[in-house]
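Chemist: Got a structure for you, input26.cif, holding mmCIF, C-alpha atoms.
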data_target
loop_
_atom_site.label_atom_id
_atom_site.label_comp_id
_atom_site.auth_asym_id
_atom_site.auth_seq_id
_atom_site.Cartn_x
_atom_site.Cartn_y
_atom_site.Cartn_z
CA MET A 1 125.00 -47.63 -54.82
CA ASP A 2 122.61 -47.97 -57.69
CA VAL A 3 118.99 -47.04 -57.41
CA ARG A 4 117.65 -50.58 -57.47
CA SER A 5 119.76 -51.98 -54.64
CA LEU A 6 119.01 -48.84 -52.66
CA GLU A 7 115.30 -49.54 -53.09
CA THR A 8 115.81 -53.10 -51.89
CA GLU A 9 117.84 -51.99 -48.88
CA LEU A 10 115.50 -49.19 -47.80
CA ARG A 11 112.41 -51.31 -48.36
CA THR A 12 113.84 -54.02 -46.11
CA LEU A 13 114.41 -51.38 -43.42
CA MET A 14 110.87 -50.03 -43.91
CA LEU A 15 109.32 -53.47 -43.53
CA ALA A 16 111.36 -54.16 -40.39
CA GLY A 17 110.34 -50.75 -39.03
CA LEU A 18 106.69 -51.53 -39.66
CA ASP A 19 107.15 -54.67 -37.59
CA GLY A 20 108.41 -52.53 -34.71
CA ASP A 21 112.19 -52.57 -35.27
CA ALA A 22 113.29 -49.12 -34.03
CA LEU A 23 116.89 -49.48 -35.25
CA ALA A 24 115.75 -50.30 -38.77
CA HIS A 25 113.33 -47.37 -38.65
CA ARG A 26 116.11 -45.01 -37.63
CA ALA A 27 118.40 -46.36 -40.37
CA LEU A 28 115.59 -45.87 -42.89
CA LEU A 29 114.97 -42.24 -41.90
CA THR A 30 118.71 -41.51 -41.88
CA GLY A 31 119.14 -43.15 -45.27
CA LEU A 32 116.19 -41.30 -46.75
CA SER A 33 117.19 -37.91 -45.38
CA SER A 34 120.30 -37.53 -47.56
CA HIS A 35 118.34 -38.38 -50.71
CA LEU A 36 115.49 -36.10 -49.73
CA ARG A 37 117.98 -33.30 -49.06
CA ALA A 38 119.54 -33.66 -52.51
CA TYR A 39 116.11 -33.78 -54.12
CA PHE A 40 114.74 -30.70 -52.35
CA LYS A 41 117.93 -28.67 -52.81
CA ARG A 42 117.86 -29.39 -56.52
CA ARG A 43 114.20 -28.38 -56.80
CA LEU A 44 114.49 -25.26 -54.64
CA ALA A 45 117.72 -24.08 -56.28
CA ARG A 46 115.80 -23.62 -59.54
CA ILE A 47 113.54 -21.07 -57.91
CA GLY A 48 116.21 -19.42 -55.79
CA ARG A 49 115.24 -20.70 -52.34
CA SER A 50 117.68 -21.26 -49.52
CA GLU A 51 119.24 -24.45 -48.17
CA ALA A 52 117.48 -23.94 -44.86
CA ASP A 53 114.16 -24.24 -46.72
CA ALA A 54 115.35 -27.54 -48.14
CA GLU A 55 116.23 -28.76 -44.66
CA ASP A 56 112.77 -27.74 -43.39
CA LEU A 57 111.25 -29.82 -46.16
CA VAL A 58 113.49 -32.79 -45.37
CA GLN A 59 112.26 -32.71 -41.79
CA GLU A 60 108.60 -32.21 -42.69
CA THR A 61 108.84 -35.14 -45.09
CA LEU A 62 110.52 -37.37 -42.48
CA MET A 63 107.72 -36.51 -40.04
CA ALA A 64 105.09 -37.30 -42.66
CA ILE A 65 106.81 -40.59 -43.48
CA HIS A 66 106.87 -41.45 -39.79
CA THR A 67 103.33 -40.44 -38.86
CA ARG A 68 101.80 -41.88 -42.04
CA ARG A 69 103.81 -45.04 -42.39
CA HIS A 70 100.59 -47.05 -42.08
CA THR A 71 99.70 -45.82 -45.59
CA TYR A 72 102.60 -47.78 -47.11
CA ASP A 73 101.39 -50.88 -48.93
CA ARG A 74 103.88 -53.63 -48.10
CA THR A 75 103.36 -55.33 -51.42
CA GLN A 76 104.54 -52.27 -53.35
CA PRO A 77 108.01 -50.78 -53.91
CA LEU A 78 109.02 -48.09 -51.42
CA THR A 79 110.46 -45.45 -53.76
CA PRO A 80 107.17 -44.29 -55.36
CA TRP A 81 105.59 -44.01 -51.91
CA VAL A 82 108.41 -41.84 -50.53
CA TYR A 83 108.54 -39.83 -53.74
CA ALA A 84 104.80 -39.10 -53.64
CA ILE A 85 105.09 -37.85 -50.05
CA ALA A 86 108.16 -35.74 -50.82
CA ARG A 87 106.51 -34.21 -53.89
CA TYR A 88 103.31 -33.51 -51.95
CA ARG A 89 105.28 -31.74 -49.20
CA LEU A 90 107.21 -29.73 -51.80
CA ILE A 91 104.05 -28.60 -53.60
CA ASP A 92 102.40 -27.77 -50.27
CA SER A 93 105.40 -25.69 -49.27
CA LEU A 94 105.47 -23.82 -52.58
CA ARG A 95 101.75 -23.16 -52.32
CA ARG A 96 102.14 -21.75 -48.82
CA THR A 97 104.86 -19.42 -50.02
CA LYS A 98 102.87 -18.54 -53.14
CA ALA A 99 105.53 -19.85 -55.48
CA SER A 100 104.47 -21.46 -58.71
CA VAL A 101 103.46 -25.07 -58.45
CA LYS A 102 104.25 -25.40 -62.15
CA ASP A 103 107.90 -25.43 -61.13
CA VAL A 104 107.46 -28.98 -59.83
CA PRO A 105 107.65 -31.29 -62.81
CA ILE A 106 106.44 -34.82 -62.46
CA ASP A 107 109.67 -36.76 -62.52
CA GLU A 108 110.28 -40.41 -62.58
CA HIS A 109 110.12 -41.46 -58.95
CA VAL A 110 113.57 -43.07 -59.20
CA GLU A 111 114.91 -39.55 -59.59
CA LEU A 112 114.53 -39.29 -55.85
CA PHE A 113 117.41 -41.64 -55.20
CA VAL A 114 119.90 -40.61 -57.87
CA ASP A 115 121.74 -38.19 -55.59
CA ASP A 116 122.43 -37.99 -51.93
CA ASP A 117 123.58 -35.08 -49.84
CA THR A 118 124.77 -35.55 -46.30
CA GLY A 119 125.55 -31.88 -45.76
CA ALA A 120 122.90 -31.37 -43.11
CA ILE A 121 122.45 -27.89 -41.76
CA GLU A 122 120.16 -26.64 -39.03
CA SER A 123 116.58 -26.22 -40.16
CA GLY A 124 114.50 -23.26 -39.07
CA LEU A 125 112.78 -25.52 -36.54
CA ASP A 126 113.76 -25.05 -32.94
CA LEU A 127 113.22 -28.37 -31.18
CA GLU A 128 113.25 -26.88 -27.69
CA ARG A 129 110.70 -24.25 -28.64
CA LEU A 130 108.47 -26.84 -30.31
CA LEU A 131 108.66 -29.12 -27.29
CA ALA A 132 107.79 -26.19 -25.04
CA ARG A 133 104.43 -25.93 -26.78
CA LEU A 134 103.43 -29.49 -25.94
CA PRO A 135 101.48 -30.26 -22.76
CA ALA A 136 103.79 -30.53 -19.74
CA LYS A 137 103.21 -34.25 -19.22
CA THR A 138 103.86 -35.10 -22.87
CA ARG A 139 107.00 -32.99 -22.92
CA ARG A 140 108.34 -34.61 -19.75
CA THR A 141 107.69 -38.08 -21.08
CA ILE A 142 109.39 -37.36 -24.41
CA GLN A 143 112.35 -35.85 -22.60
CA LEU A 144 112.65 -38.86 -20.29
CA VAL A 145 112.67 -41.27 -23.19
CA LYS A 146 114.61 -39.22 -25.69
CA LEU A 147 117.06 -37.05 -23.80
CA ASP A 148 117.67 -39.34 -20.86
CA GLY A 149 117.58 -42.42 -23.05
CA LEU A 150 115.34 -44.40 -20.73
CA SER A 151 113.41 -47.43 -21.89
CA THR A 152 109.63 -47.27 -21.91
CA HIS A 153 109.55 -49.30 -18.69
CA GLU A 154 112.06 -47.09 -16.89
CA ALA A 155 110.28 -43.95 -18.03
CA ALA A 156 106.99 -45.41 -16.82
CA ALA A 157 108.49 -46.17 -13.40
CA ARG A 158 110.02 -42.70 -13.21
CA SER A 159 106.81 -40.86 -14.14
CA GLY A 160 104.53 -43.15 -12.18
CA SER A 161 102.45 -44.43 -15.08
CA SER A 162 102.21 -47.64 -17.05
CA PRO A 163 104.50 -48.54 -19.98
CA SER A 164 101.55 -48.53 -22.37
CA ALA A 165 100.53 -45.06 -21.16
CA VAL A 166 104.08 -43.86 -21.86
CA LYS A 167 103.88 -45.29 -25.36
CA VAL A 168 100.57 -43.58 -26.04
CA THR A 169 101.86 -40.28 -24.66
CA VAL A 170 105.01 -40.37 -26.81
CA HIS A 171 103.00 -41.33 -29.88
CA ARG A 172 100.51 -38.49 -29.39
CA GLY A 173 103.36 -36.10 -28.59
CA LEU A 174 105.10 -36.83 -31.89
CA ARG A 175 101.84 -36.42 -33.78
CA ALA A 176 101.24 -33.08 -32.04
CA LEU A 177 104.80 -32.09 -32.87
CA SER A 178 104.28 -32.70 -36.57
CA LEU A 179 101.08 -30.64 -36.45
CA LEU A 180 103.01 -27.80 -34.78
CA VAL A 181 105.60 -27.92 -37.55
CA LYS A 182 102.83 -27.55 -40.11
CA SER A 183 101.04 -24.72 -38.30
CA ARG A 184 104.34 -22.88 -37.98
CA ASN A 185 104.47 -22.86 -41.76
CA THR A 186 100.95 -21.68 -42.32
CA ARG A 187 101.23 -18.90 -39.81
CA MET B 1 116.94 -28.49 -35.13
CA LYS B 2 119.31 -30.88 -36.81
CA THR B 3 117.76 -33.57 -38.94
CA ASP B 4 119.68 -36.21 -36.97
CA GLU B 5 117.93 -35.00 -33.81
CA LEU B 6 114.58 -35.35 -35.49
CA VAL B 7 115.43 -38.86 -36.67
CA GLU B 8 116.40 -39.75 -33.09
CA LEU B 9 113.13 -38.31 -31.85
CA LEU B 10 111.06 -40.23 -34.37
CA SER B 11 112.82 -43.50 -33.60
CA ILE B 12 112.29 -43.35 -29.84
CA GLN B 13 109.40 -45.61 -30.07
CA VAL B 14 108.52 -47.55 -33.15
CA GLU B 15 105.22 -49.32 -32.83
CA PRO B 16 104.48 -52.27 -35.07
CA VAL B 17 101.88 -51.37 -37.70
CA ARG B 18 99.31 -53.86 -38.93
CA ALA B 19 99.25 -54.33 -42.68
CA THR B 20 95.47 -53.92 -42.57
CA HIS B 21 95.52 -50.77 -40.42
CA LEU B 22 94.49 -48.34 -43.18
CA ARG B 23 91.71 -50.55 -44.53
CA ARG B 24 90.35 -51.22 -41.05
CA THR B 25 90.23 -47.57 -39.99
CA LEU B 26 88.57 -46.48 -43.23
CA TRP B 27 85.93 -49.18 -43.18
CA LEU B 28 85.30 -48.79 -39.47
CA SER B 29 84.75 -45.06 -40.00
CA LEU B 30 82.31 -45.79 -42.80
CA ALA B 31 80.45 -48.22 -40.54
CA VAL B 32 80.22 -45.58 -37.80
CA GLY B 33 78.93 -43.00 -40.30
CA ILE B 34 76.33 -45.43 -41.61
CA GLY B 35 75.28 -46.19 -38.03
CA VAL B 36 74.70 -42.50 -37.36
CA THR B 37 72.66 -42.19 -40.56
CA VAL B 38 70.50 -45.18 -39.62
CA CYS B 39 69.74 -43.44 -36.32
CA LEU B 40 68.94 -40.25 -38.22
CA MET B 41 66.62 -42.20 -40.51
CA LEU B 42 64.84 -43.79 -37.53
CA ALA B 43 64.45 -40.36 -35.92
CA LEU B 44 63.03 -38.79 -39.06
CA PHE B 45 60.89 -41.58 -40.47
CA GLY B 46 60.54 -44.10 -37.68
CA VAL B 47 60.89 -47.79 -38.47
CA PRO B 48 60.46 -47.84 -42.24
CA ALA B 49 57.04 -49.30 -42.91
CA TYR B 50 57.65 -49.39 -46.63
CA ALA B 51 60.86 -51.33 -46.37
CA PHE B 52 60.70 -54.53 -48.36
CA GLY B 53 56.98 -53.97 -48.69
CA ALA B 54 57.58 -51.59 -51.56
CA ALA B 55 54.95 -51.41 -54.25
CA ASP B 56 57.47 -52.82 -56.69
CA LEU B 57 60.06 -55.03 -55.04
CA ARG B 58 62.07 -55.14 -58.25
CA ILE B 59 62.66 -51.38 -58.17
CA GLN B 60 63.71 -51.68 -54.54
CA ALA B 61 66.11 -54.46 -55.46
CA VAL B 62 67.61 -52.37 -58.27
CA SER B 63 68.11 -49.40 -55.89
CA PHE B 64 69.88 -51.66 -53.40
CA LEU B 65 72.00 -53.34 -56.03
CA PHE B 66 73.00 -49.99 -57.52
CA THR B 67 73.83 -48.21 -54.26
CA LEU B 68 75.47 -51.16 -52.52
CA SER B 69 77.72 -51.98 -55.48
CA LEU B 70 78.84 -48.34 -55.51
CA VAL B 71 79.60 -48.59 -51.79
CA ALA B 72 81.56 -51.81 -52.28
CA ILE B 73 83.65 -50.57 -55.22
CA GLY B 74 84.11 -47.11 -53.68
CA ALA B 75 85.20 -48.45 -50.30
CA GLN B 76 87.85 -50.51 -52.07
CA LEU B 77 88.99 -47.48 -54.09
CA LEU B 78 89.21 -45.36 -50.92
CA VAL B 79 91.93 -47.62 -49.55
CA THR B 80 93.94 -46.98 -52.73
CA VAL B 81 93.48 -43.21 -52.95
CA ALA B 82 94.27 -42.82 -49.25
CA ARG B 83 97.83 -43.88 -50.04
CA PRO B 84 100.33 -41.49 -51.59
CA ALA B 85 100.71 -42.92 -55.09
CA GLU B 86 99.06 -42.97 -58.47
CA PRO B 87 95.61 -44.51 -58.15
CA GLY B 88 94.64 -47.16 -60.66
CA ARG B 89 91.83 -46.73 -63.15
CA LYS B 90 90.06 -50.06 -62.65
CA ALA B 91 87.76 -49.05 -59.80
CA LEU B 92 86.82 -45.79 -61.52
CA LEU B 93 85.92 -47.61 -64.72
CA LEU B 94 83.92 -50.13 -62.74
CA MET B 95 81.96 -47.37 -61.01
CA GLY B 96 81.36 -45.67 -64.34
CA LEU B 97 80.03 -48.97 -65.64
CA VAL B 98 77.58 -49.24 -62.72
CA PHE B 99 76.23 -45.78 -63.56
CA LEU B 100 76.03 -46.63 -67.25
CA VAL B 101 74.08 -49.83 -66.60
CA LEU B 102 71.58 -47.90 -64.48
CA LEU B 103 71.35 -45.16 -67.09
CA ALA B 104 70.72 -47.72 -69.83
CA ALA B 105 68.08 -49.49 -67.74
CA GLY B 106 66.40 -46.16 -67.00
CA LEU B 107 66.40 -45.15 -70.66
CA ILE B 108 65.01 -48.50 -71.79
CA ALA B 109 62.23 -48.31 -69.21
CA LEU B 110 61.46 -44.76 -70.26
CA THR B 111 61.35 -45.42 -73.99
CA SER B 112 59.24 -48.53 -73.58
CA SER B 113 56.46 -46.60 -71.83
CA PRO B 114 54.09 -44.11 -73.41
CA ARG B 115 55.34 -40.56 -73.58
CA ALA B 116 52.35 -39.37 -71.55
CA ALA B 117 53.57 -41.37 -68.55
CA TRP B 118 57.10 -39.94 -68.60
CA HIS B 119 56.41 -36.96 -66.39
CA ALA B 120 54.72 -39.08 -63.74
CA MET B 121 57.58 -41.61 -63.85
CA LEU B 122 60.32 -39.01 -63.44
CA PHE B 123 58.58 -36.68 -61.02
CA SER B 124 56.70 -38.97 -58.71
CA PRO B 125 56.01 -37.09 -55.49
CA GLN B 126 59.18 -38.18 -53.68
CA TRP B 127 61.71 -36.52 -55.98
CA SER B 128 62.28 -33.54 -53.71
CA MET B 129 62.71 -35.89 -50.75
CA CYS B 130 65.51 -37.64 -52.65
CA LEU B 131 67.16 -34.33 -53.38
CA ILE B 132 67.13 -33.36 -49.71
CA CYS B 133 67.48 -36.66 -47.88
CA ILE B 134 70.26 -38.37 -49.84
CA PRO B 135 72.76 -35.54 -49.24
CA LEU B 136 71.49 -35.27 -45.65
CA PHE B 137 72.00 -39.00 -45.11
CA ALA B 138 75.43 -38.75 -46.75
CA LEU B 139 76.69 -36.19 -44.23
CA ALA B 140 77.66 -38.54 -41.38
CA PRO B 141 79.45 -41.15 -43.54
CA PHE B 142 81.21 -38.38 -45.44
CA ALA B 143 82.42 -36.66 -42.26
CA ALA B 144 83.60 -39.97 -40.79
CA LEU B 145 85.49 -40.86 -43.98
CA ILE B 146 87.11 -37.43 -44.26
CA ARG B 147 88.25 -37.67 -40.66
CA ALA B 148 89.90 -41.02 -41.35
CA LEU B 149 91.38 -39.85 -44.66
CA ARG B 150 93.02 -36.84 -43.00
CA ARG B 151 95.14 -39.27 -41.04
CA ALA B 152 96.09 -41.12 -44.18
CA ALA B 153 98.05 -39.51 -47.01
CA PRO B 154 95.87 -38.81 -50.06
CA THR B 155 97.85 -37.06 -52.79
CA HIS B 156 94.86 -36.66 -55.12
CA PRO B 157 92.44 -34.76 -52.89
CA ALA B 158 89.74 -34.10 -55.50
CA LEU B 159 89.56 -37.74 -56.57
CA THR B 160 89.66 -38.85 -52.94
CA GLY B 161 86.88 -36.42 -52.03
CA ALA B 162 84.76 -37.51 -54.99
CA THR B 163 85.16 -41.15 -53.99
CA ALA B 164 84.25 -40.36 -50.39
CA GLY B 165 81.24 -38.42 -51.72
CA ILE B 166 80.05 -41.35 -53.82
CA VAL B 167 80.51 -43.89 -51.03
CA ALA B 168 78.77 -41.63 -48.49
CA ALA B 169 75.88 -40.71 -50.81
CA ALA B 170 75.41 -44.28 -52.01
CA SER B 171 75.20 -45.57 -48.44
CA GLY B 172 72.86 -42.70 -47.59
CA ALA B 173 70.72 -43.55 -50.61
CA ALA B 174 70.60 -47.24 -49.67
CA ILE B 175 69.28 -46.30 -46.23
CA PHE B 176 66.89 -43.73 -47.69
CA SER B 177 65.45 -46.28 -50.12
CA CYS B 178 64.18 -48.28 -47.12
CA CYS B 179 61.92 -45.35 -46.22
CA ILE B 180 60.82 -44.01 -49.56
CA PRO B 181 61.60 -46.44 -52.34
CA GLY B 182 61.74 -45.26 -55.91
CA SER B 183 58.65 -45.97 -57.97
CA SER B 184 60.23 -46.54 -61.37
CA LEU B 185 63.60 -47.21 -63.00
CA PRO B 186 63.89 -43.75 -64.59
CA PHE B 187 63.14 -42.25 -61.19
CA VAL B 188 65.97 -44.23 -59.58
CA THR B 189 68.31 -43.26 -62.40
CA VAL B 190 67.67 -39.53 -62.08
CA TRP B 191 67.03 -39.06 -58.38
CA TYR B 192 69.36 -41.68 -56.97
CA GLY B 193 72.08 -41.78 -59.61
CA GLY B 194 71.94 -38.04 -60.28
CA VAL B 195 71.98 -37.00 -56.64
CA ILE B 196 74.84 -39.40 -55.87
CA LEU B 197 76.83 -37.81 -58.70
CA LEU B 198 76.06 -34.36 -57.31
CA CYS B 199 77.41 -35.47 -53.94
CA ALA B 200 80.55 -36.78 -55.67
CA LEU B 201 80.98 -33.38 -57.28
CA ALA B 202 80.52 -31.61 -53.95
CA GLY B 203 83.09 -33.94 -52.38
CA ALA B 204 85.57 -33.22 -55.17
CA VAL B 205 85.10 -29.47 -54.78
CA ILE B 206 85.46 -29.17 -51.02
CA SER B 207 88.02 -31.91 -50.35
CA PRO B 208 91.15 -30.06 -51.46
CA TRP B 209 90.52 -27.85 -48.40
CA LEU B 210 89.51 -30.68 -46.10
CA LEU B 211 92.23 -33.14 -47.01
CA ARG B 212 95.42 -31.15 -46.56
CA TRP B 213 98.11 -32.83 -44.56
#
Can you give me the file's structure in the form of structure tokens?
Modeler:
Amino acid sequence: MDVRSLETELRTLMLAGLDGDALAHRALLTGLSSHLRAYFKRRLARIGRSEADAEDLVQETLMAIHTRRHTYDRTQPLTPWVYAIARYRLIDSLRRTKASVKDVPIDEHVELFVDDDTGAIESGLDLERLLARLPAKTRRTIQLVKLDGLSTHEAAARSGSSPSAVKVTVHRGLRALSLLVKSRNTR
Amino acid sequence: MKTDELVELLSIQVEPVRATHLRRTLWLSLAVGIGVTVCLMLALFGVPAYAFGAADLRIQAVSFLFTLSLVAIGAQLLVTVARPAEPGRKALLLMGLVFLVLLAAGLIALTSSPRAAWHAMLFSPQWSMCLICIPLFALAPFAALIRALRRAAPTHPALTGATAGIVAAASGAAIFSCCIPGSSLPFVTVWYGGVILLCALAGAVISPWLLRW
């Protein structure tokens, strides 16, 4: 698929996701992850870093895209926005590991979508261990909704709180999770 | 963790996002910061007796016009730099223009008065108050803006910090001018314009540490 129709397709998914369409949001993140993987692998290969590092970056970028999706301007194309986030995460990662930031050239943002790579491997992030560091209530709520596949209403009934409280808890939990991922890297 | 698992996790619950969310949070934070500074001003100076009763209302009007236009342009620019993308130049040029106009006005006022009066014009007794109070009054708006910006995604932290510094210092200066208005145009140029620029510099220097995400 050429870069332009990919932009159109992913942007449509992004806009639907911003309106609350969870399926579109999932399709967007899935679609982006293969391009992000190809981009990070290409960049990291030049400085001799492993594929697991690339996968870490894919996941950090997906989290940033998710938790900061309110910074996307709906009137603008999606590719430059995603590219700016991916590049920021890459530079941040290189800085943390004391690699040279000069190794990150400013590319055309379309470069992000020229390749895809669906060869996902496990990242260094252990989901269970990350979840274990969340407050008990948050963890239980996320597990109810995610692992048991309950709807917000069912999870609310099961945990004895309101649907809106469940939503807030899950939202905060995911934000806390992305902070944990970052602190793991700065440790 | 597999990336697919993460994607599942992130798509559990997808809340609708308002198109105006970023703008609203930034401007609301600024309003809160300004509110805190107004309280600080009331605590320090009481209800400003000088306000609008300034010796020269024209100088007071110029101070307001200068600071408030910086706040307006800067607040608009903040919404742009809070997003991960290349910021445009228009707002920066516009802010530069505001400073230039004030500088030109200050210079004209200075050159059209006798050289003997220059020292008194530039160093009227309140200059040290400006130097202390404008940064002091900028603290709360700056902190509120930084807090909001950390939840956004600025990819140019120095520019973002400088903009936050200008907006915070300009709103601080507007509030300060109610208490101790400038006495001449050159005074406003140096002690309002100059101190606001210093705050912008401070914002640019410290923000790369504050605005990591």
Chemist: Kindly determine which residues of chain B lie within 6 Å of chain A, considering all atoms listed in the file, and give the answer as a list in words.
Modeler: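 That gives the following set of residues: Met1, Lys2, Ser11, Val14, Glu15, Pro16, Val17, Arg83, Pro84 and Ala85 of chain B.
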Chemist: So the first atom is CA of Leu122 in chain B and the second is CA of Ile59 in chain B; what is the distance between them in Å, to one decimal place?
Modeler: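 One can read the CA of Leu122 in chain B to CA of Ile59 in chain B distance as 13.6 Å.
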Chemist: By how many Å are CA of Ala176 in chain A and CA of Gly203 in chain B apart?
Modeler: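 Answer for the CA of Ala176 in chain A to CA of Gly203 in chain B separation: 27.3 Å.
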Chemist: Translate the PyMOL selection byres ((chain B and resi 192) around 9), as applied to the file shown, into an explicit residue set as JSON, numbers by chain.
Modeler: {"B": [63, 67, 130, 131, 134, 170, 173, 182, 187, 188, 189, 190, 191, 193, 194, 195, 196, 197]}
Chemist: So that I can check the surroundings of His156 in chain B, please list as JSON, numbers by chain every protein, DNA and RNA residue that reaches within 9 Å of it, counting all atoms listed in the file and ignoring chain neighbours fewer than 6 positions away.
Modeler: {"B": [81, 82, 84, 85, 86, 87, 208]}
Chemist: Dig up all the protein and nucleic acid residues within 8 Å of (82.7, -42.2, -53.2) in the file frame, using all atoms listed in the file, and format them as a list in words.
Modeler: Leu70, Val71, Gly74, Ala75, Leu78, Thr160, Gly161, Ala162, Thr163, Ala164, Gly165, Ile166, Val167, Ala168, Ala169, Ala170 and Ala200 of chain B
Chemist: Taking all atoms listed in the file into account, which of B:Ser128, B:Ser171, B:Gln76, B:Trp209 comes nearest Gly88 in chain B?
Modeler: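 Of B:Ser128, B:Ser171, B:Gln76, B:Trp209, the one nearest Gly88 in chain B is B:Gln76, counting all atoms listed in the file.
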